[in-house]
Amino acid sequence: MAKGKPTQAEPACRLYLVTPPALEPAAFAPILAEALDAGDVACVQLRLKDCSEDDIRRACDVLRPIVQERDVAFILNDHPRLAREAGCDGVHVGQTDTPYRDARKIMGNDAIVGVTCHDSRHLAMIAGEEGADYVAFGAFFPTATKTAEYKAEPDLLSWWSELMEVPCVAIGGITAENCAPLVTAGADFLAVVNAVWGHPQGPGAGVRALNAAIEAALAGPAG
Ligand SMILES: Cc1ncc(COP(=O)(O)OP(=O)(O)O)c(N)n1
Ligand SMILES: Cc1nc(C(=O)O)sc1CCOP(=O)(O)O
Ligand SMILES: [Mg+2]
């Protein structure tokens with residue numbers, strides 16, 4: 001998702017990093033740089049919960065350049081107006097956030113707007129028809145990062161990717177060890193929090209392990 005919208009020419013499945021829900025921007029900056037310098041990453045979503053708009057703006061100011069100067073898309077969670085004001089490449093909205101159409105109006109046609117669709121074919125078809133740049137399904141596995149109310153299965157990804165052009169993102173408890181069925185089912189992006197920021201050998205090792213697992217899954221059992 002580097003600079004603009006996903007294209008067919010991009011690799012079949014790429015990493016989508018979501019930040020930890022609470023962070024101190026100056027302390028997180030080198031950690032983020034380490035992750036981005038460890039391998040292919042399509043985009044970074046700044047997801048700060050229970051923070052003031054000023055805190056989010058300050059975090060954008062520190063973290064956005066680190067991401068964009070590496071030609072990686074910087075997406076803000078939940079706040080389309082802030083995303084536009086802060087120079088983000090896109091926004092991610094959930095079903096109880098600003099509706100897609102309003103987010104699109106605020107962000108403009110060139111920005112990335114992604115939509116959470118939980119485990120729902122219906123929600124995804126609506127988001128796709130309305131013009132979302134990607135639909136996100138989850139949670140595929142148990143996650144400690146947030147209370148996930150929905151459980152998605154890999155066949156949702158294969159159904160979607162066989163029928164639709166709009167890219168799909170898989171999220172929720174994804175690790176290098178469990179991601180293969182999502183990759184082979186057709187996920188265009190794997191969105192992860194803990195598998196990178198919580199990796200015991202650091203975020204760079206997390207990115208390397210996930211990219212190696214994606215590559216192995218795409219190569220198939222014989223690859
Ligand atoms: C890529 C991606 N997928 C799903 C979500 C979840 O969005 P939402 O349901 O709005 O929940 P919060 O993240 O806002 O707690 C996401 N952020 N990113
Ligand atoms: C932000 C988010 N949304 C989810 C959903 O199911 O919509 S699961 C999730 C948290 C993902 O974190 P981790 O990779 O640590 O499990
Ligand atoms: Mg949200």
# chains A, B, ... in the order shown; residues from 1 in each chain; ligands from 1
call {"tool": "residues_near_ligand", "arguments": {"ligand": "ligand 1", "cutoff": "7 Å", "atoms": "only C-alpha atoms and all ligand atoms", "output": "list in words"}}
result
Arg47, Asn77, Asp78, His92, Val93, Gly94, Gln95, Thr96, Asp97, Thr116, Ala136, Phe137, Gly138, Val169, Ile171 and Ala191 of chain A
call {"tool": "residues_around", "arguments": {"residues": "Cys117 in chain A", "least_positions_apart": "3", "cutoff": "12 Å", "atoms": "only C-alpha atoms", "output": "PyMOL selection string"}}
result
chain A and resi 92-96+100+114+120-128+132+134-139+149-152+156-157+160+168-171
call {"tool": "residues_around", "arguments": {"residues": "range 80-91 of chain A", "least_positions_apart": "5", "cutoff": "7 Å", "atoms": "only C-alpha atoms", "output": "list in words"}}
result
Arg57, Cys60, Ala73, Phe74, Ile75, Ala103, Ile106, Met107, Ala111, Ile112, Val113 and Gly114 of chain A
call {"tool": "write_last_selection", "arguments": {"atoms": "N, CA and C atoms", "output": "compact mmCIF listing (two decimals), in the first residue's frame"}}
result
# COMPACT_ATOMS: atom_id res chain seq x y z
N ARG A 57 -2.59 13.80 17.45
CA ARG A 57 -1.94 14.73 16.50
C ARG A 57 -0.42 14.75 16.73
N CYS A 60 1.06 11.61 15.40
CA CYS A 60 1.15 11.68 13.92
C CYS A 60 2.37 12.49 13.52
N ALA A 73 2.64 3.51 3.56
CA ALA A 73 1.44 4.32 3.81
C ALA A 73 1.18 4.45 5.30
N PHE A 74 0.80 5.65 5.71
CA PHE A 74 0.52 5.93 7.13
C PHE A 74 -1.00 6.16 7.27
N ILE A 75 -1.63 5.28 8.01
CA ILE A 75 -3.09 5.28 8.14
C ILE A 75 -3.44 5.55 9.60
N ALA A 103 -16.39 9.41 5.89
CA ALA A 103 -14.91 9.35 5.93
C ALA A 103 -14.34 9.66 4.55
N ILE A 106 -14.51 13.36 3.77
CA ILE A 106 -13.50 14.11 4.53
C ILE A 106 -12.10 13.89 3.93
N MET A 107 -11.80 12.64 3.58
CA MET A 107 -10.44 12.29 3.17
C MET A 107 -10.15 12.59 1.69
N ALA A 111 -7.22 9.34 -1.06
CA ALA A 111 -6.78 8.72 0.21
C ALA A 111 -7.25 7.27 0.29
N ILE A 112 -6.58 6.53 1.16
CA ILE A 112 -6.98 5.15 1.45
C ILE A 112 -8.04 5.20 2.55
N VAL A 113 -9.18 4.54 2.32
CA VAL A 113 -10.17 4.40 3.38
C VAL A 113 -10.50 2.91 3.50
N GLY A 114 -10.19 2.34 4.66
CA GLY A 114 -10.45 0.93 4.92
C GLY A 114 -11.55 0.78 5.94
call {"tool": "atom_distance", "arguments": {"atom1": "CA of Leu190 in chain A", "atom2": "CA of Leu15 in chain A"}}
result
5.1 Å
call {"tool": "residues_near_ligand", "arguments": {"ligand": "ligand 2", "cutoff": "6 Å", "atoms": "only C-alpha atoms and all ligand atoms", "output": "PyMOL selection string"}}
result
chain A and resi 118+138-139+143+145-146+148+171-174+192-194
call {"tool": "atom_distance", "arguments": {"atom1": "CA of Ala22 in chain A", "atom2": "CA of Ala180 in chain A"}}
result
28.7 Å
call {"tool": "select_by_dssp", "arguments": {"residues": "range 24-156 of chain A", "states": "strand (DSSP E)", "output": "number ranges by chain"}}
result
A: 43-46, 73-77, 90-93, 112-116, 134-138
call {"tool": "select_by_dssp", "arguments": {"residues": "range 87-209 of chain A", "states": "helix (DSSP H, G or I)", "output": "PyMOL selection string"}}
result
chain A and resi 100-107+121-130+154-163+180-185+194-197+203-209
call {"tool": "residues_around", "arguments": {"residues": "range 27-36 of chain A", "least_positions_apart": "4", "cutoff": "8 Å", "atoms": "only C-alpha atoms", "output": "VMD selection string"}}
result
chain A and resid 23 40 to 41 62 to 63 66 to 67 70 196 203 to 207
call {"tool": "write_last_selection", "arguments": {"atoms": "N, CA and C atoms", "output": "mmCIF file, in the first residue's frame"}}
result
data_model
loop_
_atom_site.group_PDB
_atom_site.id
_atom_site.type_symbol
_atom_site.label_atom_id
_atom_site.label_comp_id
_atom_site.auth_asym_id
_atom_site.auth_seq_id
_atom_site.Cartn_x
_atom_site.Cartn_y
_atom_site.Cartn_z
ATOM 1 N N LEU A 23 1.184 4.437 23.396
ATOM 2 C CA LEU A 23 2.620 4.575 23.168
ATOM 3 C C LEU A 23 3.044 6.006 23.455
ATOM 4 N N ASP A 40 9.709 -5.967 4.163
ATOM 5 C CA ASP A 40 8.563 -5.362 3.479
ATOM 6 C C ASP A 40 7.379 -5.123 4.438
ATOM 7 N N VAL A 41 6.913 -3.878 4.427
ATOM 8 C CA VAL A 41 5.696 -3.507 5.171
ATOM 9 C C VAL A 41 4.887 -2.604 4.249
ATOM 10 N N VAL A 62 5.163 12.967 14.959
ATOM 11 C CA VAL A 62 6.436 12.272 15.181
ATOM 12 C C VAL A 62 6.564 11.035 14.276
ATOM 13 N N LEU A 63 5.495 10.260 14.162
ATOM 14 C CA LEU A 63 5.603 8.938 13.532
ATOM 15 C C LEU A 63 5.352 8.963 12.023
ATOM 16 N N ILE A 66 8.442 9.117 9.714
ATOM 17 C CA ILE A 66 9.247 7.891 9.756
ATOM 18 C C ILE A 66 8.672 6.842 8.801
ATOM 19 N N VAL A 67 7.358 6.822 8.728
ATOM 20 C CA VAL A 67 6.683 5.848 7.869
ATOM 21 C C VAL A 67 6.730 6.305 6.414
ATOM 22 N N ARG A 70 9.839 6.165 4.198
ATOM 23 C CA ARG A 70 10.207 4.818 3.725
ATOM 24 C C ARG A 70 9.231 4.335 2.661
ATOM 25 N N VAL A 196 4.453 -8.385 16.214
ATOM 26 C CA VAL A 196 5.628 -7.551 15.905
ATOM 27 C C VAL A 196 6.130 -6.825 17.150
ATOM 28 N N PRO A 203 10.945 -5.973 17.396
ATOM 29 C CA PRO A 203 10.028 -5.817 16.262
ATOM 30 C C PRO A 203 10.639 -6.180 14.910
ATOM 31 N N GLY A 204 11.957 -5.970 14.766
ATOM 32 C CA GLY A 204 12.603 -6.346 13.509
ATOM 33 C C GLY A 204 12.489 -7.856 13.286
ATOM 34 N N ALA A 205 12.712 -8.608 14.347
ATOM 35 C CA ALA A 205 12.598 -10.068 14.256
ATOM 36 C C ALA A 205 11.154 -10.459 13.958
ATOM 37 N N GLY A 206 10.208 -9.709 14.520
ATOM 38 C CA GLY A 206 8.787 -9.974 14.253
ATOM 39 C C GLY A 206 8.448 -9.797 12.785
ATOM 40 N N VAL A 207 8.933 -8.707 12.202
ATOM 41 C CA VAL A 207 8.678 -8.448 10.776
ATOM 42 C C VAL A 207 9.346 -9.521 9.915
#
call {"tool": "closest_residue", "arguments": {"among": "A:Cys179, A:Ala59, A:Ala12, A:Leu76", "to": "ligand 3", "atoms": "only C-alpha atoms and all ligand atoms"}}
result
A:Leu76
call {"tool": "atom_distance", "arguments": {"atom1": "CA of Leu218 in chain A", "atom2": "CA of Pro20 in chain A"}}
result
27.7 Å
call {"tool": "closest_residue", "arguments": {"among": "A:Asp119, A:Asp50, A:Glu69, A:Glu130", "to": "ligand 3", "atoms": "only C-alpha atoms and all ligand atoms"}}
result
A:Asp50
call {"tool": "closest_residue", "arguments": {"among": "A:Thr98, A:Thr19, A:Ser158, A:Gln68", "to": "Pro181 in chain A", "atoms": "only C-alpha atoms"}}
result
A:Ser158
call {"tool": "closest_residue", "arguments": {"among": "A:Arg14, A:His79, A:Arg208, A:Arg58", "to": "ligand 3", "atoms": "only C-alpha atoms and all ligand atoms"}}
result
A:His79
call {"tool": "closest_residue", "arguments": {"among": "A:Val166, A:Val183, A:Trp197, A:Pro221", "to": "Cys13 in chain A", "atoms": "only C-alpha atoms"}}
result
A:Val183
call {"tool": "closest_residue", "arguments": {"among": "A:Phe189, A:Val72, A:Pro99, A:Val44", "to": "ligand 3", "atoms": "only C-alpha atoms and all ligand atoms"}}
result
A:Pro99
